[in-house]
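K.L.:
Quick one, start27.cif (mmCIF, C-alpha atoms and all ligand atoms):
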```
data_protein
#
loop_
_atom_site.group_PDB
_atom_site.id
_atom_site.type_symbol
_atom_site.label_atom_id
_atom_site.label_comp_id
_atom_site.auth_asym_id
_atom_site.auth_seq_id
_atom_site.Cartn_x
_atom_site.Cartn_y
_atom_site.Cartn_z
ATOM 1 C CA MET A 272 117.069 100.991 97.794
ATOM 2 C CA ILE A 273 116.947 103.277 100.781
ATOM 3 C CA GLY A 274 114.741 102.826 103.836
ATOM 4 C CA ASP A 275 114.698 101.856 107.464
ATOM 5 C CA PRO A 276 114.282 98.953 107.919
ATOM 6 C CA VAL A 277 115.398 97.436 104.585
ATOM 7 C CA ARG A 278 116.859 94.121 105.686
ATOM 8 C CA HIS A 279 113.619 92.144 105.120
ATOM 9 C CA SER A 280 113.098 93.446 101.581
ATOM 10 C CA ARG A 281 112.582 91.023 98.668
ATOM 11 C CA SER A 282 113.616 93.759 96.207
ATOM 12 C CA PRO A 283 117.360 92.973 95.981
ATOM 13 C CA ALA A 284 116.615 89.334 95.118
ATOM 14 C CA ILE A 285 113.942 90.337 92.576
ATOM 15 C CA HIS A 286 116.083 92.909 90.750
ATOM 16 C CA ASN A 287 119.381 91.024 90.870
ATOM 17 C CA ALA A 288 117.651 87.968 89.364
ATOM 18 C CA ALA A 289 116.312 90.195 86.574
ATOM 19 C CA PHE A 290 119.734 91.796 85.907
ATOM 20 C CA ALA A 291 121.325 88.332 85.743
ATOM 21 C CA GLU A 292 118.602 87.058 83.402
ATOM 22 C CA LEU A 293 119.224 89.890 80.914
ATOM 23 C CA GLY A 294 123.014 89.954 81.451
ATOM 24 C CA LEU A 295 122.907 93.595 82.589
ATOM 25 C CA ASP A 296 125.874 95.122 84.433
ATOM 26 C CA PHE A 297 123.744 96.424 87.317
ATOM 27 C CA VAL A 298 123.603 95.499 90.993
ATOM 28 C CA TYR A 299 120.803 96.265 93.488
ATOM 29 C CA VAL A 300 121.710 96.804 97.127
ATOM 30 C CA ALA A 301 119.726 97.866 100.190
ATOM 31 C CA PHE A 302 121.063 100.831 102.178
ATOM 32 C CA PRO A 303 119.636 101.446 105.653
ATOM 33 C CA VAL A 304 119.201 105.235 105.721
ATOM 34 C CA ALA A 305 118.054 107.018 108.873
ATOM 35 C CA ALA A 306 114.879 109.131 108.957
ATOM 36 C CA GLY A 307 115.397 112.665 107.650
ATOM 37 C CA ARG A 308 118.316 111.731 105.355
ATOM 38 C CA ALA A 309 116.427 111.208 102.073
ATOM 39 C CA ALA A 310 117.750 114.388 100.449
ATOM 40 C CA ALA A 311 121.338 113.455 101.378
ATOM 41 C CA ALA A 312 120.830 109.980 99.908
ATOM 42 C CA LEU A 313 119.467 111.473 96.671
ATOM 43 C CA ASP A 314 122.497 113.792 96.475
ATOM 44 C CA ALA A 315 124.638 110.676 96.740
ATOM 45 C CA VAL A 316 122.840 109.237 93.687
ATOM 46 C CA ARG A 317 123.988 112.261 91.674
ATOM 47 C CA THR A 318 127.503 112.235 93.146
ATOM 48 C CA LEU A 319 128.090 108.508 92.736
ATOM 49 C CA GLY A 320 126.366 108.283 89.345
ATOM 50 C CA LEU A 321 123.900 105.592 90.454
ATOM 51 C CA ALA A 322 121.143 104.592 87.981
ATOM 52 C CA GLY A 323 118.483 105.247 90.584
ATOM 53 C CA LEU A 324 116.837 104.073 93.761
ATOM 54 C CA ASN A 325 113.843 102.411 95.229
ATOM 55 C CA VAL A 326 112.566 104.322 98.248
ATOM 56 C CA THR A 327 110.672 102.848 101.151
ATOM 57 C CA MET A 328 109.604 103.906 104.648
ATOM 58 C CA PRO A 329 110.302 106.484 106.056
ATOM 59 C CA HIS A 330 111.640 108.316 102.980
ATOM 60 C CA LYS A 331 108.867 108.342 100.367
ATOM 61 C CA GLU A 332 107.802 111.948 101.036
ATOM 62 C CA GLY A 333 111.353 113.260 101.625
ATOM 63 C CA ALA A 334 112.536 111.714 98.373
ATOM 64 C CA ALA A 335 109.606 113.273 96.487
ATOM 65 C CA ALA A 336 110.622 116.688 97.823
ATOM 66 C CA ALA A 337 114.257 116.144 96.787
ATOM 67 C CA CYS A 338 113.592 115.038 93.173
ATOM 68 C CA ASP A 339 113.992 117.491 90.258
ATOM 69 C CA GLU A 340 110.858 116.221 88.541
ATOM 70 C CA LEU A 341 107.907 113.985 89.413
ATOM 71 C CA THR A 342 105.533 111.881 87.321
ATOM 72 C CA PRO A 343 101.896 113.079 87.571
ATOM 73 C CA GLY A 344 101.029 110.271 90.021
ATOM 74 C CA ALA A 345 104.007 110.980 92.271
ATOM 75 C CA ALA A 346 103.255 114.713 92.177
ATOM 76 C CA VAL A 347 99.663 114.194 93.350
ATOM 77 C CA LEU A 348 100.677 111.696 96.030
ATOM 78 C CA ARG A 349 103.781 113.716 97.034
ATOM 79 C CA SER A 350 105.423 110.323 97.464
ATOM 80 C CA VAL A 351 107.934 108.346 95.411
ATOM 81 C CA ASN A 352 109.094 104.757 95.592
ATOM 82 C CA THR A 353 111.332 104.963 92.519
ATOM 83 C CA VAL A 354 113.997 107.525 91.599
ATOM 84 C CA VAL A 355 115.531 107.548 88.109
ATOM 85 C CA HIS A 356 118.843 109.341 87.483
ATOM 86 C CA ARG A 357 119.145 110.897 84.031
ATOM 87 C CA ASP A 358 122.104 113.196 83.299
ATOM 88 C CA GLY A 359 122.305 114.626 86.807
ATOM 89 C CA ARG A 360 118.535 115.096 87.142
ATOM 90 C CA LEU A 361 116.354 112.907 89.343
ATOM 91 C CA LEU A 362 112.870 111.839 88.261
ATOM 92 C CA GLY A 363 110.567 110.480 90.968
ATOM 93 C CA ASP A 364 107.779 107.993 90.260
ATOM 94 C CA SER A 365 105.293 106.056 92.361
ATOM 95 C CA THR A 366 104.995 102.560 90.829
ATOM 96 C CA ASP A 367 102.843 100.876 93.527
ATOM 97 C CA GLY A 368 99.508 102.010 92.067
ATOM 98 C CA PRO A 369 100.399 101.276 88.420
ATOM 99 C CA GLY A 370 101.862 97.985 89.697
ATOM 100 C CA LEU A 371 98.490 97.035 91.205
ATOM 101 C CA VAL A 372 96.695 97.979 87.970
ATOM 102 C CA ALA A 373 99.168 95.876 85.939
ATOM 103 C CA ALA A 374 98.645 92.996 88.376
ATOM 104 C CA LEU A 375 94.847 93.200 87.962
ATOM 105 C CA ARG A 376 95.307 93.098 84.172
ATOM 106 C CA GLU A 377 97.616 90.080 84.518
ATOM 107 C CA HIS A 378 94.762 88.379 86.392
ATOM 108 C CA GLY A 379 92.344 89.244 83.563
ATOM 109 C CA VAL A 380 90.659 92.181 85.310
ATOM 110 C CA GLU A 381 90.496 95.400 83.255
ATOM 111 C CA PRO A 382 89.758 98.237 85.711
ATOM 112 C CA THR A 383 88.334 100.681 83.151
ATOM 113 C CA GLY A 384 84.661 101.242 83.919
ATOM 114 C CA ARG A 385 84.688 98.796 86.843
ATOM 115 C CA ARG A 386 83.596 99.661 90.384
ATOM 116 C CA ALA A 387 86.528 99.145 92.738
ATOM 117 C CA LEU A 388 86.505 99.160 96.549
ATOM 118 C CA VAL A 389 89.837 99.971 98.211
ATOM 119 C CA LEU A 390 90.237 99.070 101.897
ATOM 120 C CA GLY A 391 92.635 101.451 103.653
ATOM 121 C CA ALA A 392 93.803 105.037 103.212
ATOM 122 C CA GLY A 393 97.550 104.758 103.858
ATOM 123 C CA GLY A 394 100.447 105.029 101.416
ATOM 124 C CA ALA A 395 99.629 101.928 99.367
ATOM 125 C CA ALA A 396 95.875 102.633 99.337
ATOM 126 C CA ARG A 397 96.364 106.234 98.187
ATOM 127 C CA ALA A 398 98.665 105.118 95.356
ATOM 128 C CA ILE A 399 96.101 102.476 94.338
ATOM 129 C CA VAL A 400 93.170 104.928 94.447
ATOM 130 C CA ASP A 401 95.128 107.354 92.240
ATOM 131 C CA ALA A 402 96.112 104.655 89.732
ATOM 132 C CA LEU A 403 92.648 103.058 89.597
ATOM 133 C CA GLY A 404 91.140 106.503 89.010
ATOM 134 C CA ARG A 405 93.603 107.155 86.154
ATOM 135 C CA SER A 406 92.617 103.773 84.700
ATOM 136 C CA GLY A 407 88.967 104.783 84.565
ATOM 137 C CA ALA A 408 87.718 102.738 87.522
ATOM 138 C CA VAL A 409 84.965 104.122 89.766
ATOM 139 C CA VAL A 410 86.551 104.011 93.207
ATOM 140 C CA THR A 411 85.106 103.633 96.710
ATOM 141 C CA VAL A 412 87.481 103.988 99.666
ATOM 142 C CA ALA A 413 86.805 102.368 103.040
ATOM 143 C CA ALA A 414 88.943 103.559 105.935
ATOM 144 C CA ARG A 415 88.566 103.229 109.686
ATOM 145 C CA ARG A 416 89.354 106.962 110.055
ATOM 146 C CA PRO A 417 86.739 108.955 108.075
ATOM 147 C CA GLU A 418 89.025 111.955 107.454
ATOM 148 C CA ALA A 419 91.747 109.713 105.975
ATOM 149 C CA GLY A 420 89.161 107.998 103.762
ATOM 150 C CA ALA A 421 87.776 111.321 102.549
ATOM 151 C CA ALA A 422 91.291 112.583 101.716
ATOM 152 C CA ALA A 423 92.103 109.419 99.783
ATOM 153 C CA ALA A 424 88.817 109.629 97.862
ATOM 154 C CA LYS A 425 89.864 113.072 96.568
ATOM 155 C CA LEU A 426 92.614 111.348 94.562
ATOM 156 C CA ALA A 427 90.258 109.785 91.994
ATOM 157 C CA PRO A 428 87.457 111.394 89.968
ATOM 158 C CA ASP A 429 83.976 110.644 91.376
ATOM 159 C CA ALA A 430 85.418 108.532 94.198
ATOM 160 C CA ARG A 431 83.531 108.285 97.496
ATOM 161 C CA ALA A 432 84.488 107.299 101.017
ATOM 162 C CA VAL A 433 82.521 104.863 103.171
ATOM 163 C CA ALA A 434 82.841 103.678 106.747
ATOM 164 C CA PHE A 435 84.210 100.265 107.681
ATOM 165 C CA ALA A 436 80.921 99.656 109.518
ATOM 166 C CA ASP A 437 79.053 99.832 106.179
ATOM 167 C CA LEU A 438 81.236 97.320 104.332
ATOM 168 C CA ASP A 439 78.748 94.426 104.384
ATOM 169 C CA ALA A 440 76.336 96.601 102.386
ATOM 170 C CA VAL A 441 78.992 98.208 100.138
ATOM 171 C CA VAL A 442 80.950 95.078 99.111
ATOM 172 C CA PRO A 443 78.083 93.606 97.026
ATOM 173 C CA THR A 444 77.863 96.863 94.992
ATOM 174 C CA VAL A 445 81.411 96.681 93.541
ATOM 175 C CA ASP A 446 83.223 94.553 90.940
ATOM 176 C CA VAL A 447 86.678 94.483 92.534
ATOM 177 C CA VAL A 448 87.723 94.499 96.201
ATOM 178 C CA VAL A 449 91.326 95.506 96.990
ATOM 179 C CA ASN A 450 92.681 95.147 100.514
ATOM 180 C CA ALA A 451 95.382 97.804 100.997
ATOM 181 C CA THR A 452 95.568 97.505 104.789
ATOM 182 C CA PRO A 453 97.862 95.145 106.723
ATOM 183 C CA ILE A 454 94.756 93.172 107.801
ATOM 184 C CA GLY A 455 95.599 89.507 107.242
ATOM 185 C CA MET A 456 99.342 89.726 107.873
ATOM 186 C CA GLN A 457 98.794 88.315 111.369
ATOM 187 C CA GLY A 458 95.888 86.085 110.371
ATOM 188 C CA GLU A 459 93.183 88.694 111.060
ATOM 189 C CA PRO A 460 89.819 88.023 109.357
ATOM 190 C CA PRO A 461 88.565 90.432 106.650
ATOM 191 C CA PRO A 462 86.730 93.520 107.956
ATOM 192 C CA PHE A 463 83.449 92.405 106.320
ATOM 193 C CA ASP A 464 81.373 89.251 106.140
ATOM 194 C CA PRO A 465 82.926 87.278 103.232
ATOM 195 C CA THR A 466 79.601 85.552 102.526
ATOM 196 C CA VAL A 467 78.461 88.813 100.865
ATOM 197 C CA LEU A 468 81.047 88.229 98.078
ATOM 198 C CA THR A 469 79.797 86.752 94.787
ATOM 199 C CA ALA A 470 81.522 84.837 91.972
ATOM 200 C CA THR A 471 81.262 87.756 89.516
ATOM 201 C CA GLN A 472 83.634 89.788 91.708
ATOM 202 C CA PHE A 473 87.427 89.793 91.974
ATOM 203 C CA VAL A 474 89.289 89.992 95.285
ATOM 204 C CA TYR A 475 92.845 91.313 95.449
ATOM 205 C CA ASP A 476 94.872 91.321 98.671
ATOM 206 C CA THR A 477 97.998 93.505 98.520
ATOM 207 C CA VAL A 478 99.349 91.532 101.486
ATOM 208 C CA TYR A 479 101.797 88.910 100.165
ATOM 209 C CA HIS A 480 103.092 87.506 103.450
ATOM 210 C CA PRO A 481 101.360 85.192 104.209
ATOM 211 C CA VAL A 482 100.660 84.253 100.596
ATOM 212 C CA ARG A 483 97.168 83.001 101.556
ATOM 213 C CA THR A 484 95.491 85.540 103.842
ATOM 214 C CA PRO A 485 92.137 84.853 105.540
ATOM 215 C CA LEU A 486 90.478 87.150 102.940
ATOM 216 C CA LEU A 487 91.928 85.094 100.072
ATOM 217 C CA ALA A 488 91.067 81.837 101.807
ATOM 218 C CA ALA A 489 87.459 83.041 102.216
ATOM 219 C CA ALA A 490 87.312 84.014 98.524
ATOM 220 C CA GLU A 491 88.753 80.656 97.504
ATOM 221 C CA ALA A 492 86.272 78.766 99.679
ATOM 222 C CA ARG A 493 83.404 80.543 97.889
ATOM 223 C CA GLY A 494 84.834 80.072 94.357
ATOM 224 C CA ILE A 495 85.506 83.786 93.917
ATOM 225 C CA PRO A 496 88.407 84.808 91.637
ATOM 226 C CA HIS A 497 91.227 86.256 93.739
ATOM 227 C CA ALA A 498 94.949 86.996 93.903
ATOM 228 C CA GLY A 499 97.523 87.997 96.515
ATOM 229 C CA GLY A 500 100.013 90.864 96.561
ATOM 230 C CA LEU A 501 102.970 89.067 95.015
ATOM 231 C CA SER A 502 101.911 90.121 91.513
ATOM 232 C CA MET A 503 101.713 93.790 92.578
ATOM 233 C CA LEU A 504 105.152 93.470 94.181
ATOM 234 C CA VAL A 505 106.528 92.095 90.916
ATOM 235 C CA HIS A 506 104.814 94.651 88.663
ATOM 236 C CA GLN A 507 105.859 97.667 90.739
ATOM 237 C CA ALA A 508 109.421 96.310 90.588
ATOM 238 C CA ALA A 509 109.126 95.708 86.829
ATOM 239 C CA LEU A 510 108.103 99.330 86.235
ATOM 240 C CA ALA A 511 111.133 100.542 88.226
ATOM 241 C CA PHE A 512 113.389 98.088 86.376
ATOM 242 C CA THR A 513 112.276 99.470 83.009
ATOM 243 C CA HIS A 514 112.820 103.058 84.230
ATOM 244 C CA TRP A 515 116.431 102.262 85.167
ATOM 245 C CA THR A 516 117.454 99.919 82.351
ATOM 246 C CA GLY A 517 115.189 100.856 79.443
ATOM 247 C CA ARG A 518 114.430 97.136 79.049
ATOM 248 C CA ASP A 519 111.249 95.083 79.424
ATOM 249 C CA ALA A 520 111.372 93.297 82.773
ATOM 250 C CA PRO A 521 111.624 89.477 82.857
ATOM 251 C CA LEU A 522 108.427 89.076 84.886
ATOM 252 C CA ALA A 523 108.566 85.300 85.399
ATOM 253 C CA VAL A 524 112.131 85.446 86.733
ATOM 254 C CA MET A 525 111.223 88.312 89.048
ATOM 255 C CA ALA A 526 108.121 86.470 90.300
ATOM 256 C CA ALA A 527 110.173 83.341 91.048
ATOM 257 C CA ALA A 528 112.709 85.434 92.983
ATOM 258 C CA ALA A 529 109.909 87.179 94.879
ATOM 259 C CA ARG A 530 108.345 83.848 95.876
ATOM 260 C CA THR A 531 111.594 82.381 97.217
ATOM 261 C CA GLY A 532 111.508 82.362 100.992
ATOM 262 C CA LEU A 533 107.759 82.995 101.221
ATOM 263 C CA ASP A 534 105.362 80.331 102.435
ATOM 264 C CA PRO A 535 103.902 78.244 99.594
HETATM 265 P P1 LIG B 601 100.282 102.510 105.902
HETATM 266 O O1 LIG B 601 100.678 103.729 105.145
HETATM 267 O O2 LIG B 601 100.719 102.326 107.301
HETATM 268 O O3 LIG B 601 98.667 102.422 105.814
HETATM 269 C C1 LIG B 601 97.958 101.364 106.409
HETATM 270 C C2 LIG B 601 96.469 101.615 106.226
HETATM 271 O O4 LIG B 601 95.756 100.495 106.758
HETATM 272 C C3 LIG B 601 95.953 102.829 106.968
HETATM 273 O O5 LIG B 601 94.842 103.344 106.280
HETATM 274 C C4 LIG B 601 95.529 102.220 108.304
HETATM 275 O O6 LIG B 601 94.571 102.972 108.990
HETATM 276 C C5 LIG B 601 94.916 100.942 107.818
HETATM 277 N N1 LIG B 601 94.874 99.920 108.865
HETATM 278 C C6 LIG B 601 95.923 99.356 109.520
HETATM 279 N N2 LIG B 601 95.500 98.412 110.377
HETATM 280 C C7 LIG B 601 94.140 98.398 110.293
HETATM 281 C C8 LIG B 601 93.117 97.659 110.929
HETATM 282 N N3 LIG B 601 93.410 96.735 111.840
HETATM 283 N N4 LIG B 601 91.830 97.913 110.590
HETATM 284 C C9 LIG B 601 91.525 98.848 109.675
HETATM 285 N N5 LIG B 601 92.457 99.575 109.008
HETATM 286 C C10 LIG B 601 93.738 99.355 109.312
HETATM 287 O O7 LIG B 601 100.791 101.200 105.146
HETATM 288 P P2 LIG B 601 100.922 100.994 103.558
HETATM 289 O O8 LIG B 601 102.294 101.334 103.118
HETATM 290 O O9 LIG B 601 99.778 101.653 102.894
HETATM 291 O O10 LIG B 601 100.809 99.408 103.432
HETATM 292 C C11 LIG B 601 99.603 98.717 103.746
HETATM 293 C C12 LIG B 601 99.746 97.256 103.356
HETATM 294 O O11 LIG B 601 99.810 97.155 101.933
HETATM 295 C C13 LIG B 601 101.050 96.621 103.849
HETATM 296 O O12 LIG B 601 100.846 96.007 105.073
HETATM 297 C C14 LIG B 601 101.405 95.626 102.772
HETATM 298 O O13 LIG B 601 100.946 94.333 103.159
HETATM 299 C C15 LIG B 601 100.630 96.077 101.572
HETATM 300 N N6 LIG B 601 101.511 96.522 100.468
HETATM 301 C C16 LIG B 601 101.750 95.633 99.468
HETATM 302 C C17 LIG B 601 102.531 96.014 98.392
HETATM 303 C C18 LIG B 601 102.762 95.033 97.287
HETATM 304 O O14 LIG B 601 103.589 95.308 96.393
HETATM 305 N N7 LIG B 601 102.059 93.930 97.247
HETATM 306 C C19 LIG B 601 103.092 97.304 98.348
HETATM 307 C C20 LIG B 601 102.835 98.186 99.405
HETATM 308 C C21 LIG B 601 102.045 97.778 100.458
HETATM 309 P P3 LIG B 601 95.025 104.080 110.093
HETATM 310 O O15 LIG B 601 95.617 105.201 109.312
HETATM 311 O O16 LIG B 601 93.765 104.399 110.783
HETATM 312 O O17 LIG B 601 96.048 103.400 110.974
#
```
Could you express the structure from this file as structure tokens?

P.N.:
Amino acid sequence: MIGDPVRHSRSPAIHNAAFAELGLDFVYVAFPVAAGRAAAALDAVRTLGLAGLNVTMPHKEGAAAACDELTPGAAVLRSVNTVVHRDGRLLGDSTDGPGLVAALREHGVEPTGRRALVLGAGGAARAIVDALGRSGAVVTVAARRPEAGAAAAKLAPDARAVAFADLDAVVPTVDVVVNATPIGMQGEPPPFDPTVLTATQFVYDTVYHPVRTPLLAAAEARGIPHAGGLSMLVHQAALAFTHWTGRDAPLAVMAAAARTGLDP
């Protein structure tokens, strides 16, 4: 993987555990790469014959520009987190959004036809809005900056943007709530009154550190089905793994590796 910083990443542990499980002759390493050097790093993939890369901040847009081809999602987002090297050509994909959709399905939530509220309008939120829209969900985006929310809402058919101030009224109108902001990483409370949640809804927090955010704790206290971001982390990694190796990812092994070192 390339990024800056990359030292904290769980990805090497997740992928190396998966390679070991399947006996594959691959190794995953994290390269700190300075801002502005994404194209040079992608050239190195071709030169060195690497299978591919994961891409994280600040290179997701630069890597998208340097790929030979993009998946439809990556092309719309102009952002890639996965590069696949095939015969000298580089394919860029964005697996965060499909990873969230796969995680919802793992938790028994089929997004097709469901009303989904996405909190945030940054990189993760935009990828999630795009993927939920492709899955047939009806998406509402809530962002603290209206122009960012409106831009994100353009990524999914029939999506709308709402203000954070209106969340208490909007939350009861949806089936699924997805937090795609960092709210909760430092123990911050959710940006709406959690007593408006009901047991027919599903709450997903993309934050995975801490494992139990205040939003998830509030959902749990009210008996509302919920899950944290570890499953999205694992599924986005699994999609990249399959791109590089052509093999189904050993999800349980990857999840165990992802959990190691995180709070229980
Ligand atoms: P980003 O591009 O920096 O976007 C962050 C978004 O959250 C922006 O819309 C930002 O609004 C908003 N935001 C930040 N602090 C806020 C606050 N206090 N109140 C309201 N809105 C706030 O970051 P990102 O890459 O999208 O990542 C967001 C979070 O998603 C990460 O912190 C991470 O926990 C999670 N994530 C999880 C996975 C996974 O696999 N589970 C993958 C990727 C990301 P402004 O633009 O107004 O600042």

K.L.:
Check every protein, DNA and RNA residue against ligand LIG 601 (chain B), keep those with an atom at most 9 Å away (counting only C-alpha atoms and all ligand atoms), and present them as a PDB file with C-alpha atoms, keeping the file's coordinate frame.

P.N.:
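Output file part_18.pdb follows:
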```
ATOM      1  CA  THR A 327     110.672 102.848 101.151  1.00  0.00           C
ATOM      2  CA  MET A 328     109.604 103.906 104.648  1.00  0.00           C
ATOM      3  CA  ASP A 367     102.843 100.876  93.527  1.00  0.00           C
ATOM      4  CA  GLY A 368      99.508 102.010  92.067  1.00  0.00           C
ATOM      5  CA  GLY A 370     101.862  97.985  89.697  1.00  0.00           C
ATOM      6  CA  LEU A 371      98.490  97.035  91.205  1.00  0.00           C
ATOM      7  CA  LEU A 390      90.237  99.070 101.897  1.00  0.00           C
ATOM      8  CA  GLY A 391      92.635 101.451 103.653  1.00  0.00           C
ATOM      9  CA  ALA A 392      93.803 105.037 103.212  1.00  0.00           C
ATOM     10  CA  GLY A 393      97.550 104.758 103.858  1.00  0.00           C
ATOM     11  CA  GLY A 394     100.447 105.029 101.416  1.00  0.00           C
ATOM     12  CA  ALA A 395      99.629 101.928  99.367  1.00  0.00           C
ATOM     13  CA  ALA A 396      95.875 102.633  99.337  1.00  0.00           C
ATOM     14  CA  ARG A 397      96.364 106.234  98.187  1.00  0.00           C
ATOM     15  CA  ALA A 398      98.665 105.118  95.356  1.00  0.00           C
ATOM     16  CA  ALA A 413      86.805 102.368 103.040  1.00  0.00           C
ATOM     17  CA  ALA A 414      88.943 103.559 105.935  1.00  0.00           C
ATOM     18  CA  ARG A 415      88.566 103.229 109.686  1.00  0.00           C
ATOM     19  CA  ARG A 416      89.354 106.962 110.055  1.00  0.00           C
ATOM     20  CA  PRO A 417      86.739 108.955 108.075  1.00  0.00           C
ATOM     21  CA  ALA A 419      91.747 109.713 105.975  1.00  0.00           C
ATOM     22  CA  GLY A 420      89.161 107.998 103.762  1.00  0.00           C
ATOM     23  CA  PHE A 435      84.210 100.265 107.681  1.00  0.00           C
ATOM     24  CA  ASN A 450      92.681  95.147 100.514  1.00  0.00           C
ATOM     25  CA  ALA A 451      95.382  97.804 100.997  1.00  0.00           C
ATOM     26  CA  THR A 452      95.568  97.505 104.789  1.00  0.00           C
ATOM     27  CA  PRO A 453      97.862  95.145 106.723  1.00  0.00           C
ATOM     28  CA  ILE A 454      94.756  93.172 107.801  1.00  0.00           C
ATOM     29  CA  GLY A 455      95.599  89.507 107.242  1.00  0.00           C
ATOM     30  CA  MET A 456      99.342  89.726 107.873  1.00  0.00           C
ATOM     31  CA  GLU A 459      93.183  88.694 111.060  1.00  0.00           C
ATOM     32  CA  PRO A 462      86.730  93.520 107.956  1.00  0.00           C
ATOM     33  CA  ASP A 476      94.872  91.321  98.671  1.00  0.00           C
ATOM     34  CA  THR A 477      97.998  93.505  98.520  1.00  0.00           C
ATOM     35  CA  VAL A 478      99.349  91.532 101.486  1.00  0.00           C
ATOM     36  CA  TYR A 479     101.797  88.910 100.165  1.00  0.00           C
ATOM     37  CA  HIS A 480     103.092  87.506 103.450  1.00  0.00           C
ATOM     38  CA  GLY A 499      97.523  87.997  96.515  1.00  0.00           C
ATOM     39  CA  GLY A 500     100.013  90.864  96.561  1.00  0.00           C
ATOM     40  CA  LEU A 501     102.970  89.067  95.015  1.00  0.00           C
ATOM     41  CA  SER A 502     101.911  90.121  91.513  1.00  0.00           C
ATOM     42  CA  MET A 503     101.713  93.790  92.578  1.00  0.00           C
ATOM     43  CA  LEU A 504     105.152  93.470  94.181  1.00  0.00           C
ATOM     44  CA  VAL A 505     106.528  92.095  90.916  1.00  0.00           C
ATOM     45  CA  HIS A 506     104.814  94.651  88.663  1.00  0.00           C
ATOM     46  CA  GLN A 507     105.859  97.667  90.739  1.00  0.00           C
ATOM     47  CA  ALA A 508     109.421  96.310  90.588  1.00  0.00           C
TER      48      ALA A 508
END
```

K.L.:
Would you work out the distance separating atom CA of A:Asp429 from atom CA of A:Ile495, expressed in Å to one decimal?

P.N.:
27.0 Å

K.L.:
Name the residues that the PyMOL selection byres (((chain A and resi 282-285) around 10) and not hetatm) picks from the file above, as a ChimeraX atom specification, using the file's chain letters and numbers.

P.N.:
/A:272,277-281,286-290,298-301,325,504-505,508-509,512,522,524-531

K.L.:
Pick out the closest residue to A:Thr471 from this set: A:Ala520, A:Ala312, A:Ala490, A:Ala402. Count all atoms listed in the file.

P.N.:
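Among the listed residues, A:Ala490 lies closest to A:Thr471.
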
K.L.:
Starting from the PyMOL selection byres (((chain A and resi 430) around 9) and not hetatm), expand the selection into actual residues of this file and give them as an mmCIF file with C-alpha atoms, keeping the file's coordinate frame.

P.N.:
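Result file selection.cif:
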```
data_model
loop_
_atom_site.group_PDB
_atom_site.id
_atom_site.type_symbol
_atom_site.label_atom_id
_atom_site.label_comp_id
_atom_site.auth_asym_id
_atom_site.auth_seq_id
_atom_site.Cartn_x
_atom_site.Cartn_y
_atom_site.Cartn_z
ATOM 1 C CA VAL A 400 93.170 104.928 94.447
ATOM 2 C CA GLY A 404 91.140 106.503 89.010
ATOM 3 C CA VAL A 409 84.965 104.122 89.766
ATOM 4 C CA VAL A 410 86.551 104.011 93.207
ATOM 5 C CA THR A 411 85.106 103.633 96.710
ATOM 6 C CA VAL A 412 87.481 103.988 99.666
ATOM 7 C CA ALA A 423 92.103 109.419 99.783
ATOM 8 C CA ALA A 424 88.817 109.629 97.862
ATOM 9 C CA LYS A 425 89.864 113.072 96.568
ATOM 10 C CA LEU A 426 92.614 111.348 94.562
ATOM 11 C CA ALA A 427 90.258 109.785 91.994
ATOM 12 C CA PRO A 428 87.457 111.394 89.968
ATOM 13 C CA ASP A 429 83.976 110.644 91.376
ATOM 14 C CA ARG A 431 83.531 108.285 97.496
ATOM 15 C CA ALA A 432 84.488 107.299 101.017
#
```

K.L.:
Any chance you could work out the residue set of the PyMOL selection byres (((chain A and resi 439) around 10) and not hetatm) here, as a PyMOL selection string?

P.N.:
chain A and resi 435-438+440-444+462-468

K.L.:
What is the atom CA of A:Val347-atom CA of A:Tyr475 distance in Å, reported with one decimal?

P.N.:
24.0 Å

K.L.:
Excluding A:Leu362 and any residue of its chain fewer than 3 positions from it, enumerate the residues within 7 Å of it, using all atoms listed in the file, and give them as a list in words.

P.N.:
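Contacts, in chain order: Cys338, Asp339, Glu340, Leu341, Val354, Val355 and His356 of chain A.
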
K.L.:
Could you state the separation of atom CA of A:Arg357 and atom CA of A:Ile399 in Å, given to one decimal place?

P.N.:
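We find that atom CA of A:Arg357 and atom CA of A:Ile399 lie 26.6 Å from each other.
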
K.L.:
Using only C-alpha atoms, find the one residue out of A:Gly359, A:Pro496, A:Pro481, A:Gly379 that sits nearest to A:Leu533.

P.N.:
A:Pro481

K.L.:
In terms of the shortest atom-to-atom distance over all atoms listed in the file, which of A:Leu313, A:Ala523, A:Leu319, A:Val372 is closest to A:Val449?

P.N.:
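Using all atoms listed in the file, A:Val449 sits closest to A:Val372.
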
K.L.:
My list of candidates is A:Val304, A:Ala291, A:Val448, A:Val482. Which is closest to A:Leu388 when distances are computed with all atoms listed in the file?

P.N.:
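Using all atoms listed in the file, the shortest distance to A:Leu388 belongs to A:Val448.
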
K.L.:
Measuring between all atoms listed in the file, which one of A:Pro303, A:Gly517, A:Gly458, A:Pro343 shows the shortest distance to A:Arg483?

P.N.:
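Counting all atoms listed in the file, the residue closest to A:Arg483 is A:Gly458.
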